[in-house]
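To start, the structure itself, in structure tokens.
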Amino acid sequence: MESLLVLLLIANLAGLFLIWQRQDKQEKHLSKSLEDQADHLSDQLDYRFEQARQASQLDQKDLEVAVSDRLQEVRIELHQGLTQVRQEMTDSLLQNRDKTDQRLQALQESNEQRLEQMRQTVEEKLEKTLQTRLQASFETVSKQLESVNRGLGEMQTVARDVGALNKVLSGTKTRGILGELQLGQIIEDIMTPAQYEREYATVENSSERVEYAIKLPGQGDQEYVYLPIDSKFPLADYYRLEEAYEAGDKDEIERCRKSLLASVKRFAKDIKSKYIAPPRTTNFGILFVPTEGLYSEIVRNPVFFDDLRREEQIIVAGPSTLSALLNSLSVGFKTLNKSADHISKTLASVKTEFGKFGGILVKAQKHLQHASGNIEELLNRRTTAIERTLRHIELSEGEPALDLLYFQENEEEYED
């Protein structure tokens, strides 16, 4: 009877061991399958991220090339236009001078002829009509003097008007108003009132208001990104530079040019500190100068122009380049926003799939923990209980038990 119990116990132990071996194989197979699925999903995610990154880089490069080409074309057209205007002005001045010389020559000849006629008339009829001719001559001279006086009065009026204009432009606030009016005229000509804001606070909780803020398309349908534009007019520095050009003093020209560029850079820093605050605004602003001569002086130094763009995030624009710049920026922002929406949708789908994958891993972890707990219970508590039971059993027949144990060990090796 005791031998039968021993055999039953040994058979139970062998069965438990076989069950444990089978569960261990199933757990290894499940773990390997989960690892394969995780590697496959990771490869797919890497491939999709790489495609999205390459597409974004291609779109960005195309946009940079397009903007650079457009700016180069605008610069060439501006240079050609300035050269043509300068040549036309020179030709016009030369023609006016020639015409003026001709008119003066004709007037001089006419006066000489009239004087000669008067002299001959006076000599011929001096004795008879001296008093009458002298009176007529005095009347003619008086009329001419009155005409000259009227001309001098008109010239004085023009001089007063020029002086008043210089006084008006000498005031910093007045020059700012003039530049703001010209900037407003350009923006109102190319945009609707819904596309820009005037005297707008681009920085929240700030009292500083930029003259014009252009509404560019943002991430959402109803969101806008504001592009600050402010006009500046360093007229005094520009006049000093023009006077140095007329004097032909190279040292003075260089000094005045440095002073002008320093003023422009100070204006750029002022715009950056007051009106640029991403993401509510763009990460750059536009400094508008109201004259083409002043703009050409700034663009003449490409290193300074590029430093303003890189260090101060400010682009300088003149009356002829502002409209083209605004159109290019509007098209560029629309293209970038379309690419950003596509990338955002792709990342959202990836995030959803990754969340599902995380849930599956959590469930698998719970199953593995449950199986590990069951095996630990079998190995510890059940095995201890069986050993405690076997301590009270004495073996009387040694050989059959050994043979049976040997057979079970061979069976276990075969199962392994």
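Chains: A, B, ... in order of the structure tokens. Residues: from 1 per chain. Ligands: from 1, in order shown.
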_Selection: 12 Å around segment 245-259 of chain A, only C-alpha atoms, excl. self and same-chain fewer than 3 positions, as JSON, numbers by chain_ = {"A": [234, 235, 236, 237, 238, 239, 240, 241, 242, 262, 263, 264, 265, 266, 294, 296, 297, 298, 299, 300, 301, 304]}
Taking 2 positions as the minimum chain separation for residues in the same chain, which residues sit within 10 Å of segment 202-210 of chain A when counting only C-alpha atoms? Answer as JSON, numbers by chain. {"A": [197, 198, 199, 200, 212, 213, 225, 226, 227, 228, 229, 230, 231, 271, 273, 274, 275, 276, 277, 278, 280, 281]}
ask   = Please, which residues of segment 194-368 of chain A, numbered as in this document, come out alpha helix (DSSP H) from DSSP, as number ranges by chain?
value = A: 235-247, 250-275, 292-299, 302-311, 322-368
Residue among A:Ala268, A:Ile214, A:Ala194, A:Leu9 lying closest to Thr282 of chain A, counting only C-alpha atoms: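 When distances to Thr282 of chain A are compared using only C-alpha atoms, the smallest one comes from A:Ile214.
Among the candidates A:Ser328, A:Gln108, A:Thr132, A:Gln369, the residue lying nearest to Glu64 of chain A is A:Ser328 (atoms considered: only C-alpha atoms).
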Which neighbours of Ile187 of chain A fall inside 8 Å, counting only C-alpha atoms, when residues of the same chain fewer than 4 positions from it are skipped, and could you give them as a CSV table (one decimal) with C-alpha atoms, in the first residue's frame?
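So the final result, stored in result13.csv, reads:
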```
chain,number,residue,atom,x,y,z
A,183,LEU,CA,3.2,102.4,-45.3
A,191,MET,CA,-4.8,94.1,-48.9
A,323,SER,CA,4.1,94.3,-51.7
```
Computed gap from atom CA of Gln26 of chain A to atom CA of Leu368 of chain A is 10.5 Å
